[in-house]
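protein_26.cif (mmCIF, C-alpha atoms (C1' of nucleotides)) appears below.
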data_upload
loop_
_atom_site.label_atom_id
_atom_site.label_comp_id
_atom_site.auth_asym_id
_atom_site.auth_seq_id
_atom_site.Cartn_x
_atom_site.Cartn_y
_atom_site.Cartn_z
CA MET P 1 -13.58 -26.52 13.89
CA ASN P 2 -14.54 -24.86 17.14
CA GLN P 3 -11.45 -24.75 19.30
CA ALA P 4 -8.94 -21.95 19.02
CA SER P 5 -5.92 -22.70 16.88
CA LEU P 6 -3.43 -21.13 19.25
CA PRO P 7 -3.15 -20.96 23.01
CA ILE P 8 -4.89 -17.80 24.11
CA SER P 9 -1.65 -16.70 25.72
CA THR P 10 0.02 -16.77 22.32
CA VAL P 11 -2.71 -14.70 20.75
CA ARG P 12 -2.31 -12.13 23.51
CA GLU P 13 1.46 -12.24 23.25
CA ILE P 14 1.40 -11.33 19.57
CA ARG P 15 -1.39 -8.81 19.93
CA ASP P 16 0.41 -6.97 22.72
CA GLN P 17 4.01 -7.29 21.63
CA CYS P 18 4.22 -7.48 17.85
CA LEU P 19 5.96 -4.32 16.70
CA CYS P 20 5.15 -5.09 13.10
CA LEU P 21 1.44 -5.10 13.76
CA ALA P 22 1.64 -2.08 16.06
CA THR P 23 3.58 -0.13 13.47
CA GLN P 24 1.33 -1.05 10.54
CA ARG P 25 -1.66 0.02 12.62
CA ALA P 26 -0.16 3.36 13.52
CA ALA P 27 1.07 3.89 9.98
CA ARG P 28 -2.42 3.37 8.58
CA LEU P 29 -4.03 5.71 11.10
CA LEU P 30 -1.50 8.47 10.58
CA ALA P 31 -1.49 8.05 6.81
CA ARG P 32 -5.25 8.53 6.71
CA ARG P 33 -5.05 11.50 9.06
CA PHE P 34 -2.44 13.34 7.03
CA ASP P 35 -3.88 12.27 3.68
CA ARG P 36 -7.11 13.99 4.69
CA LEU P 37 -5.21 17.02 5.94
CA PHE P 38 -3.38 17.50 2.66
CA ALA P 39 -6.29 16.46 0.42
CA PRO P 40 -7.31 20.09 -0.30
CA LEU P 41 -3.85 20.55 -1.83
CA GLY P 42 -4.07 17.31 -3.78
CA LEU P 43 -1.23 15.77 -1.79
CA THR P 44 -0.88 12.55 0.15
CA ASN P 45 1.21 12.19 3.28
CA GLY P 46 3.87 10.36 1.30
CA GLN P 47 4.01 13.01 -1.40
CA PHE P 48 4.39 15.67 1.27
CA SER P 49 7.30 13.80 2.83
CA MET P 50 8.94 13.42 -0.55
CA LEU P 51 8.56 17.09 -1.43
CA VAL P 52 9.98 18.12 1.95
CA ALA P 53 12.92 15.76 1.44
CA LEU P 54 13.68 17.63 -1.79
CA SER P 55 13.30 21.06 -0.20
CA GLY P 56 16.80 21.33 1.26
CA GLN P 57 20.12 21.70 -0.51
CA TRP P 58 20.34 17.94 -0.68
CA LYS P 59 20.13 16.74 -4.29
CA PRO P 60 19.69 12.99 -3.89
CA ARG P 61 19.64 10.43 -6.63
CA LEU P 62 16.51 8.29 -6.77
CA GLY P 63 18.16 5.52 -4.80
CA GLU P 64 19.27 7.86 -2.06
CA LEU P 65 15.76 9.22 -1.80
CA ALA P 66 14.51 5.65 -1.52
CA ASP P 67 16.89 5.01 1.36
CA PHE P 68 15.83 8.17 3.12
CA LEU P 69 12.18 7.18 2.90
CA ALA P 70 12.92 3.48 3.47
CA MET P 71 11.03 2.75 0.27
CA ASP P 72 11.80 0.22 -2.38
CA SER P 73 13.48 2.07 -5.24
CA THR P 74 10.79 0.94 -7.67
CA THR P 75 8.20 2.58 -5.47
CA VAL P 76 10.16 5.82 -5.59
CA THR P 77 10.40 5.61 -9.36
CA ALA P 78 6.62 5.35 -9.58
CA ALA P 79 5.96 8.02 -6.97
CA VAL P 80 8.31 10.50 -8.60
CA LYS P 81 6.69 9.87 -11.95
CA THR P 82 3.34 10.94 -10.50
CA LEU P 83 4.86 14.14 -9.11
CA GLU P 84 6.64 14.74 -12.39
CA LYS P 85 3.40 14.45 -14.35
CA ARG P 86 1.89 17.07 -12.06
CA GLY P 87 4.86 19.34 -12.66
CA LEU P 88 5.97 19.41 -9.03
CA VAL P 89 9.27 17.63 -9.59
CA ALA P 90 11.71 17.44 -12.50
CA LEU P 91 14.17 14.62 -13.09
CA MET P 92 17.64 15.99 -13.79
CA PRO P 93 20.29 13.83 -15.48
CA ASP P 94 23.59 13.50 -13.67
CA GLU P 95 26.62 15.00 -15.38
CA ALA P 96 29.08 12.36 -14.30
CA ASP P 97 27.00 9.18 -14.51
CA ALA P 98 24.46 8.66 -17.26
CA ARG P 99 22.54 6.09 -15.21
CA VAL P 100 21.75 8.53 -12.43
CA ARG P 101 18.77 10.84 -12.29
CA ARG P 102 18.17 13.35 -9.55
CA PRO P 103 14.67 14.56 -8.72
CA ALA P 104 14.40 18.27 -7.97
CA LEU P 105 11.50 20.51 -7.01
CA THR P 106 10.06 22.79 -9.65
CA ASP P 107 8.78 26.24 -8.80
CA ALA P 108 5.28 24.80 -8.60
CA GLY P 109 6.54 22.16 -6.21
CA ARG P 110 8.15 24.82 -4.04
CA VAL P 111 4.94 26.81 -3.91
CA LEU P 112 2.88 23.77 -2.98
CA VAL P 113 5.14 22.49 -0.22
CA ALA P 114 5.25 25.98 1.26
CA GLN P 115 1.46 25.90 1.43
CA ALA P 116 1.47 22.45 3.00
CA VAL P 117 3.89 23.13 5.83
CA PRO P 118 1.55 25.31 7.91
CA LEU P 119 -1.11 22.59 7.69
CA TRP P 120 1.43 20.03 8.82
CA ARG P 121 2.56 22.21 11.71
CA ALA P 122 -0.95 22.74 13.00
CA GLU P 123 -1.94 19.08 12.72
CA HIS P 124 1.27 17.77 14.18
CA GLY P 125 0.86 20.15 17.10
CA LYS P 126 -2.49 18.52 17.81
CA LEU P 127 -0.95 15.09 17.50
CA ASN P 128 1.83 16.01 19.92
CA ALA P 129 -0.75 17.24 22.42
CA GLU P 130 -2.75 14.03 22.10
CA MET P 131 0.19 11.83 22.94
CA ALA P 132 1.28 13.69 26.05
CA PRO P 133 3.12 12.87 28.24
CA GLN P 134 5.05 10.92 25.60
CA ASP P 135 7.82 12.85 23.88
CA PRO P 136 6.98 12.81 20.15
CA THR P 137 10.49 13.62 18.98
CA ALA P 138 11.93 10.82 21.08
CA LEU P 139 9.36 8.45 19.62
CA ALA P 140 10.22 9.59 16.10
CA GLN P 141 13.86 8.91 16.79
CA ILE P 142 13.18 5.41 18.06
CA LEU P 143 11.08 4.72 14.99
CA ARG P 144 13.81 5.96 12.71
CA GLN P 145 16.21 3.41 14.17
CA LEU P 146 13.69 0.62 13.93
CA GLY P 147 13.80 -1.92 11.15
CA MET M 148 15.03 27.62 -9.45
CA ASN M 149 18.11 27.13 -7.34
CA GLN M 150 17.29 28.26 -3.83
CA ALA M 151 15.69 25.94 -1.34
CA SER M 152 11.93 26.25 -1.09
CA LEU M 153 11.84 26.05 2.69
CA PRO M 154 14.11 27.31 5.43
CA ILE M 155 16.59 24.60 6.20
CA SER M 156 15.38 24.65 9.79
CA THR M 157 11.91 23.68 8.58
CA VAL M 158 13.23 20.80 6.54
CA ARG M 159 15.11 19.55 9.59
CA GLU M 160 12.10 20.08 11.82
CA ILE M 161 9.90 17.88 9.68
CA ARG M 162 12.58 15.30 9.04
CA ASP M 163 13.32 14.91 12.74
CA GLN M 164 9.87 15.33 14.25
CA CYS M 165 7.25 14.11 11.80
CA LEU M 166 5.65 11.05 13.35
CA CYS M 167 3.81 10.28 10.16
CA LEU M 168 7.02 10.00 8.17
CA ALA M 169 8.81 8.12 10.96
CA THR M 170 5.96 5.66 11.24
CA GLN M 171 5.61 5.08 7.49
CA ARG M 172 9.35 4.43 7.32
CA ALA M 173 9.30 1.94 10.15
CA ALA M 174 6.16 0.30 8.80
CA ARG M 175 7.77 -0.25 5.41
CA LEU M 176 10.95 -1.68 6.91
CA LEU M 177 9.13 -4.04 9.24
CA ALA M 178 6.63 -5.06 6.59
CA ARG M 179 9.44 -6.09 4.27
CA ARG M 180 11.25 -7.89 7.06
CA PHE M 181 8.25 -9.96 8.10
CA ASP M 182 6.99 -10.44 4.55
CA ARG M 183 10.30 -12.11 3.77
CA LEU M 184 10.14 -14.13 6.95
CA PHE M 185 6.72 -15.53 6.14
CA ALA M 186 7.29 -15.84 2.40
CA PRO M 187 8.11 -19.58 2.61
CA LEU M 188 4.61 -20.07 4.02
CA GLY M 189 3.03 -17.88 1.37
CA LEU M 190 1.98 -15.30 3.95
CA THR M 191 2.51 -11.57 4.26
CA ASN M 192 2.92 -9.78 7.56
CA GLY M 193 -0.62 -8.45 7.29
CA GLN M 194 -2.09 -11.87 6.58
CA PHE M 195 -0.25 -13.25 9.60
CA SER M 196 -1.69 -10.52 11.82
CA MET M 197 -5.15 -11.20 10.49
CA LEU M 198 -4.92 -14.94 11.05
CA VAL M 199 -3.64 -14.42 14.59
CA ALA M 200 -6.51 -12.03 15.27
CA LEU M 201 -8.89 -14.83 14.32
CA SER M 202 -7.08 -17.43 16.42
CA GLY M 203 -8.71 -16.65 19.75
CA GLN M 204 -12.28 -17.17 20.87
CA TRP M 205 -13.11 -13.77 19.50
CA LYS M 206 -15.44 -14.02 16.50
CA PRO M 207 -15.43 -10.51 15.10
CA ARG M 208 -17.53 -9.18 12.29
CA LEU M 209 -15.60 -7.73 9.38
CA GLY M 210 -15.97 -4.20 10.73
CA GLU M 211 -14.66 -5.18 14.15
CA LEU M 212 -11.67 -6.83 12.54
CA ALA M 213 -11.07 -3.63 10.58
CA ASP M 214 -11.07 -1.63 13.81
CA PHE M 215 -8.67 -4.04 15.46
CA LEU M 216 -6.24 -3.73 12.57
CA ALA M 217 -6.97 -0.01 12.04
CA MET M 218 -7.73 -0.82 8.43
CA ASP M 219 -10.39 0.63 6.24
CA SER M 220 -13.23 -1.89 6.14
CA THR M 221 -12.96 -2.13 2.35
CA THR M 222 -9.36 -3.21 2.72
CA VAL M 223 -10.43 -5.92 5.12
CA THR M 224 -13.09 -7.11 2.71
CA ALA M 225 -10.46 -7.49 0.00
CA ALA M 226 -7.87 -9.08 2.29
CA VAL M 227 -10.34 -11.60 3.66
CA LYS M 228 -11.39 -12.51 0.16
CA THR M 229 -7.80 -13.44 -0.67
CA LEU M 230 -7.56 -15.64 2.43
CA GLU M 231 -10.94 -17.15 1.63
CA LYS M 232 -9.82 -18.09 -1.87
CA ARG M 233 -6.84 -19.86 -0.35
CA GLY M 234 -9.10 -21.73 2.02
CA LEU M 235 -7.58 -20.27 5.17
CA VAL M 236 -10.67 -18.38 6.28
CA ALA M 237 -14.39 -18.92 5.85
CA LEU M 238 -17.02 -16.19 6.00
CA MET M 239 -19.87 -17.20 8.28
CA PRO M 240 -23.24 -15.47 8.07
CA ASP M 241 -24.60 -14.05 11.29
CA GLU M 242 -27.76 -15.63 12.63
CA ALA M 243 -29.30 -12.45 13.96
CA ASP M 244 -28.30 -9.91 11.31
CA ALA M 245 -28.22 -10.79 7.64
CA ARG M 246 -25.83 -7.95 6.84
CA VAL M 247 -23.12 -9.27 9.09
CA ARG M 248 -20.47 -11.78 8.11
CA ARG M 249 -17.88 -13.14 10.49
CA PRO M 250 -14.55 -14.45 9.23
CA ALA M 251 -13.35 -17.63 10.92
CA LEU M 252 -10.23 -19.74 10.52
CA THR M 253 -10.53 -23.01 8.67
CA ASP M 254 -8.54 -26.06 9.69
CA ALA M 255 -5.99 -25.18 7.02
CA GLY M 256 -5.76 -21.68 8.46
CA ARG M 257 -5.19 -23.07 11.92
CA VAL M 258 -2.40 -25.32 10.67
CA LEU M 259 -0.70 -22.48 8.83
CA VAL M 260 -0.80 -19.96 11.65
CA ALA M 261 0.59 -22.58 14.00
CA GLN M 262 3.53 -22.99 11.62
CA ALA M 263 4.05 -19.24 11.39
CA VAL M 264 4.15 -18.47 15.09
CA PRO M 265 7.59 -20.01 15.76
CA LEU M 266 9.03 -18.00 12.86
CA TRP M 267 7.48 -14.85 14.31
CA ARG M 268 8.84 -15.61 17.77
CA ALA M 269 12.38 -16.12 16.54
CA GLU M 270 12.39 -13.03 14.36
CA HIS M 271 10.74 -10.82 16.92
CA GLY M 272 13.29 -11.95 19.47
CA LYS M 273 16.01 -10.69 17.17
CA LEU M 274 14.17 -7.43 16.68
CA ASN M 275 13.81 -6.98 20.42
CA ALA M 276 17.52 -7.55 20.86
CA GLU M 277 18.34 -5.02 18.17
CA MET M 278 16.37 -2.26 19.81
CA ALA M 279 17.84 -2.63 23.26
CA PRO M 280 17.76 -0.81 25.59
CA GLN M 281 14.32 0.28 24.37
CA ASP M 282 11.43 -1.74 25.76
CA PRO M 283 9.63 -3.22 22.73
CA THR M 284 6.37 -3.88 24.54
CA ALA M 285 6.25 -0.32 25.81
CA LEU M 286 6.87 0.92 22.29
CA ALA M 287 4.12 -1.32 20.94
CA GLN M 288 1.75 0.11 23.51
CA ILE M 289 2.57 3.70 22.59
CA LEU M 290 2.05 2.88 18.93
CA ARG M 291 -1.28 1.29 19.66
CA GLN M 292 -2.49 4.52 21.24
CA LEU M 293 -1.19 6.63 18.38
CA GLY M 294 -3.49 7.89 15.70
"C1'" DT O 295 -47.11 0.17 8.44
"C1'" DC O 296 -44.19 2.48 5.36
"C1'" DA O 297 -40.83 6.08 4.38
"C1'" DT O 298 -36.40 7.62 6.08
"C1'" DT O 299 -32.09 7.02 8.19
"C1'" DT O 300 -28.46 4.32 9.75
"C1'" DT O 301 -25.46 0.42 9.55
"C1'" DA O 302 -22.64 -3.44 7.41
"C1'" DT O 303 -20.52 -4.76 3.72
"C1'" DA O 304 -19.21 -4.78 -1.36
"C1'" DT O 305 -17.60 -2.57 -5.69
"C1'" DT O 306 -14.83 0.59 -8.37
"C1'" DG O 307 -11.00 3.40 -9.40
"C1'" DA O 308 -6.65 5.46 -8.11
"C1'" DT O 309 -2.29 5.19 -5.98
"C1'" DA O 310 1.20 2.54 -3.04
"C1'" DT O 311 4.05 -1.27 -2.28
"C1'" DC O 312 7.32 -4.75 -3.30
"C1'" DA O 313 9.44 -9.02 -5.72
"C1'" DA O 314 11.15 -10.48 -9.92
"C1'" DT O 315 13.05 -9.23 -13.93
"C1'" DC O 316 15.07 -6.26 -17.46
"C1'" DT O 317 18.22 -2.64 -19.62
"C1'" DA O 318 21.95 0.20 -19.84
"C1'" DA O 319 25.94 2.30 -17.96
"C1'" DA O 320 29.99 1.96 -15.10
"C1'" DA O 321 33.62 -0.54 -12.83
"C1'" DC O 322 36.66 -4.14 -12.88
"C1'" DA O 323 39.67 -8.19 -14.37
"C1'" DG O 324 42.53 -10.24 -17.32
"C1'" DC G 325 41.09 -2.92 -24.64
"C1'" DT G 326 37.29 -6.66 -24.20
"C1'" DG G 327 34.47 -9.75 -21.38
"C1'" DT G 328 32.38 -10.00 -16.79
"C1'" DT G 329 30.38 -8.12 -12.82
"C1'" DT G 330 28.21 -4.53 -10.44
"C1'" DT G 331 25.24 -0.68 -10.07
"C1'" DA G 332 21.17 2.56 -11.15
"C1'" DG G 333 17.10 2.69 -12.57
"C1'" DA G 334 12.71 1.08 -15.15
"C1'" DT G 335 9.03 -2.31 -16.15
"C1'" DT G 336 5.69 -5.81 -14.98
"C1'" DG G 337 2.55 -8.20 -12.14
"C1'" DA G 338 0.47 -8.99 -7.69
"C1'" DT G 339 -1.51 -7.34 -3.55
"C1'" DA G 340 -2.58 -3.32 -0.28
"C1'" DT G 341 -4.75 0.85 0.68
"C1'" DC G 342 -8.36 4.13 0.85
"C1'" DA G 343 -12.11 7.46 -0.98
"C1'" DA G 344 -16.33 7.50 -3.18
"C1'" DT G 345 -20.10 5.15 -4.13
"C1'" DA G 346 -23.58 1.37 -4.21
"C1'" DT G 347 -26.54 -2.16 -2.13
"C1'" DA G 348 -29.12 -4.29 1.11
"C1'" DA G 349 -30.64 -5.10 5.75
"C1'" DA G 350 -31.93 -3.12 10.13
"C1'" DA G 351 -33.56 0.55 13.00
"C1'" DT G 352 -36.26 4.55 13.54
"C1'" DG G 353 -40.08 7.71 13.19
"C1'" DA G 354 -44.43 9.50 11.69
#
Any chance you could give the structure as structure tokens?
Amino acid sequence: MNQASLPISTVREIRDQCLCLATQRAARLLARRFDRLFAPLGLTNGQFSMLVALSGQWKPRLGELADFLAMDSTTVTAAVKTLEKRGLVALMPDEADARVRRPALTDAGRVLVAQAVPLWRAEHGKLNAEMAPQDPTALAQILRQLG
Amino acid sequence: MNQASLPISTVREIRDQCLCLATQRAARLLARRFDRLFAPLGLTNGQFSMLVALSGQWKPRLGELADFLAMDSTTVTAAVKTLEKRGLVALMPDEADARVRRPALTDAGRVLVAQAVPLWRAEHGKLNAEMAPQDPTALAQILRQLG
DNA sequence: TCATTTTATATTGATATCAATCTAAAACAG
DNA sequence: CTGTTTTAGATTGATATCAATATAAAATGA
């Protein structure tokens, strides 16, 4: 009951090398940071990302949005429902395929995301400064290819 | 109702640069990957990380474990309770301070983590190969400093 | 000492996450 | 065409996550 279960070298190996652990850690820290940033607007970091994803000309179906966010599609269904209830997003039926529904920003959603972007820009500027001399965009690109 | 809410350059800026989004994406992908890997043992990626953290000589209090995992301490309380119910971890009272409780692996926990490590090593080897020529350990270190 | 503050953890309530499963529509095979 | 398979999405159930709050022990201060 007293000896370690693994060689100490193994514990160190996993602690120092495991990308899953390192990524979950960073994800939790950044999620909290941006959740607090957007809290005055009633948004979470994930809701902000989703609203931004819907702010271009791109009109994804739910499944495409799930791929973009690397979420399970059931998670997207639930998340969109929350935004829909708040009137930030509307679900539009597809003309060609009755199974498909495409989330789209409402006017209220557009107003809110426009308010959130300056907050994001200021906070992300701080974050970039903190991680110097690392290149944040390069890191983001590596992360996007990870999985 | 039809025009984009943000300049397209802003949408691209956030999509390409936001470390919060990039990290949440990667975290979800890796969580699913390692959850499936450990599923035959009845473990999630987070439970594996927690058991490994308790596999050294380190005997953290709950709050120290929370810091190590960058989790909220209430999340750790709940997660440890699940492991305790399964008999993988026991919560030991602290001699000097009655508020403090220290989670410790049980024999069953030791057996299970020893079974999980070879799975982790094989899968992480694949992951390392996939991200060549990036250095996975360097990436893990950057992520550990992020927040 | 005793009241106040701080610290460590637990509880509650809300959302996030995913696996497993379900329904309905579309695509396909014969 | 009709029966089967595939695809898109929704529902359910379990755990994860954190903010807000509560509790209880320790530390501090008058």
Can you spell out as a PDB file with C-alpha atoms, in the coordinates of the input the set of residues that the PyMOL selection byres ((chain M) within 9 of (chain G)) selects in the structure I just provided?
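Full text of expr_27.pdb as output:
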ATOM      1  CA  MET M 218      -7.730  -0.820   8.430  1.00  0.00           C
ATOM      2  CA  ASP M 219     -10.390   0.630   6.240  1.00  0.00           C
ATOM      3  CA  THR M 221     -12.960  -2.130   2.350  1.00  0.00           C
ATOM      4  CA  THR M 222      -9.360  -3.210   2.720  1.00  0.00           C
ATOM      5  CA  ALA M 225     -10.460  -7.490   0.000  1.00  0.00           C
ATOM      6  CA  ALA M 226      -7.870  -9.080   2.290  1.00  0.00           C
ATOM      7  CA  ASP M 244     -28.300  -9.910  11.310  1.00  0.00           C
ATOM      8  CA  ALA M 245     -28.220 -10.790   7.640  1.00  0.00           C
ATOM      9  CA  ARG M 246     -25.830  -7.950   6.840  1.00  0.00           C
TER      10      ARG M 246
END
- Residues of chain M no more than 6 Å from chain P, counting only C-alpha atoms: send them over as a list in words.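 Result: Ala151, Ser152, Leu153, Ile155, Gln164, Leu166, Cys167, Ala169, Thr170, Gln171, Arg172, Ala173, Ala174, Leu176, Leu177, Ser202, Gly203, Leu216, Ala217, Arg257, Thr284, Ala287, Leu290, Arg291, Leu293 and Gly294 of chain M.
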Output file for the residues above (C-alpha atoms, as a PDB file, keeping the file's coordinate frame):
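So again_2.pdb came out as:
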ATOM      1  CA  ALA M 151      15.690  25.940  -1.340  1.00  0.00           C
ATOM      2  CA  SER M 152      11.930  26.250  -1.090  1.00  0.00           C
ATOM      3  CA  LEU M 153      11.840  26.050   2.690  1.00  0.00           C
ATOM      4  CA  ILE M 155      16.590  24.600   6.200  1.00  0.00           C
ATOM      5  CA  GLN M 164       9.870  15.330  14.250  1.00  0.00           C
ATOM      6  CA  LEU M 166       5.650  11.050  13.350  1.00  0.00           C
ATOM      7  CA  CYS M 167       3.810  10.280  10.160  1.00  0.00           C
ATOM      8  CA  ALA M 169       8.810   8.120  10.960  1.00  0.00           C
ATOM      9  CA  THR M 170       5.960   5.660  11.240  1.00  0.00           C
ATOM     10  CA  GLN M 171       5.610   5.080   7.490  1.00  0.00           C
ATOM     11  CA  ARG M 172       9.350   4.430   7.320  1.00  0.00           C
ATOM     12  CA  ALA M 173       9.300   1.940  10.150  1.00  0.00           C
ATOM     13  CA  ALA M 174       6.160   0.300   8.800  1.00  0.00           C
ATOM     14  CA  LEU M 176      10.950  -1.680   6.910  1.00  0.00           C
ATOM     15  CA  LEU M 177       9.130  -4.040   9.240  1.00  0.00           C
ATOM     16  CA  SER M 202      -7.080 -17.430  16.420  1.00  0.00           C
ATOM     17  CA  GLY M 203      -8.710 -16.650  19.750  1.00  0.00           C
ATOM     18  CA  LEU M 216      -6.240  -3.730  12.570  1.00  0.00           C
ATOM     19  CA  ALA M 217      -6.970  -0.010  12.040  1.00  0.00           C
ATOM     20  CA  ARG M 257      -5.190 -23.070  11.920  1.00  0.00           C
ATOM     21  CA  THR M 284       6.370  -3.880  24.540  1.00  0.00           C
ATOM     22  CA  ALA M 287       4.120  -1.320  20.940  1.00  0.00           C
ATOM     23  CA  LEU M 290       2.050   2.880  18.930  1.00  0.00           C
ATOM     24  CA  ARG M 291      -1.280   1.290  19.660  1.00  0.00           C
ATOM     25  CA  LEU M 293      -1.190   6.630  18.380  1.00  0.00           C
ATOM     26  CA  GLY M 294      -3.490   7.890  15.700  1.00  0.00           C
TER      27      GLY M 294
END
- Identify which of the residues P:Arg61, P:Ala96, P:Leu41, P:Pro133 lies closest to chain O, counting all atoms listed in the file when measuring atom-to-atom distances. P:Ala96
- Distance of atom CA of M:Pro250 from atom CA of M:Pro207, expressed in Å to one decimal place: 7.1 Å
- Task: Find the residues in chain O near chain P: any atom within 8 Å counts, using all atoms listed in the file. Write them as a ChimeraX atom specification.
- Result: /O:310-312,318-320
- At what distance in Å, to one decimal, does atom CA of M:Lys232 lie from atom CA of M:Arg249?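 Interatomic distance here is 15.6 Å.
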- Pairwise distance for atom CA of M:Phe185 and atom CA of M:Ala276, rounded to one decimal in Å: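 Taking atom CA of M:Phe185 as the start and atom CA of M:Ala276 as the end point, the length is 19.9 Å.
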- Item | Pick from P:Lys81, P:Glu123, P:Pro40, P:Gly63 nearest to O:DT309, counting only C-alpha atoms (C1' of nucleotides) |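 So, comparing all the options, the nearest one is P:Lys81.
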May I have the centre and edge lengths, in Å to one decimal, of an axis-aligned box around the listed atoms of stretch 187-192 of chain M with 6 Å added to every side, as AutoDock Vina command-line options?
--center_x 5.0 --center_y -14.9 --center_z 4.5 --size_x 18.1 --size_y 22.3 --size_z 18.2
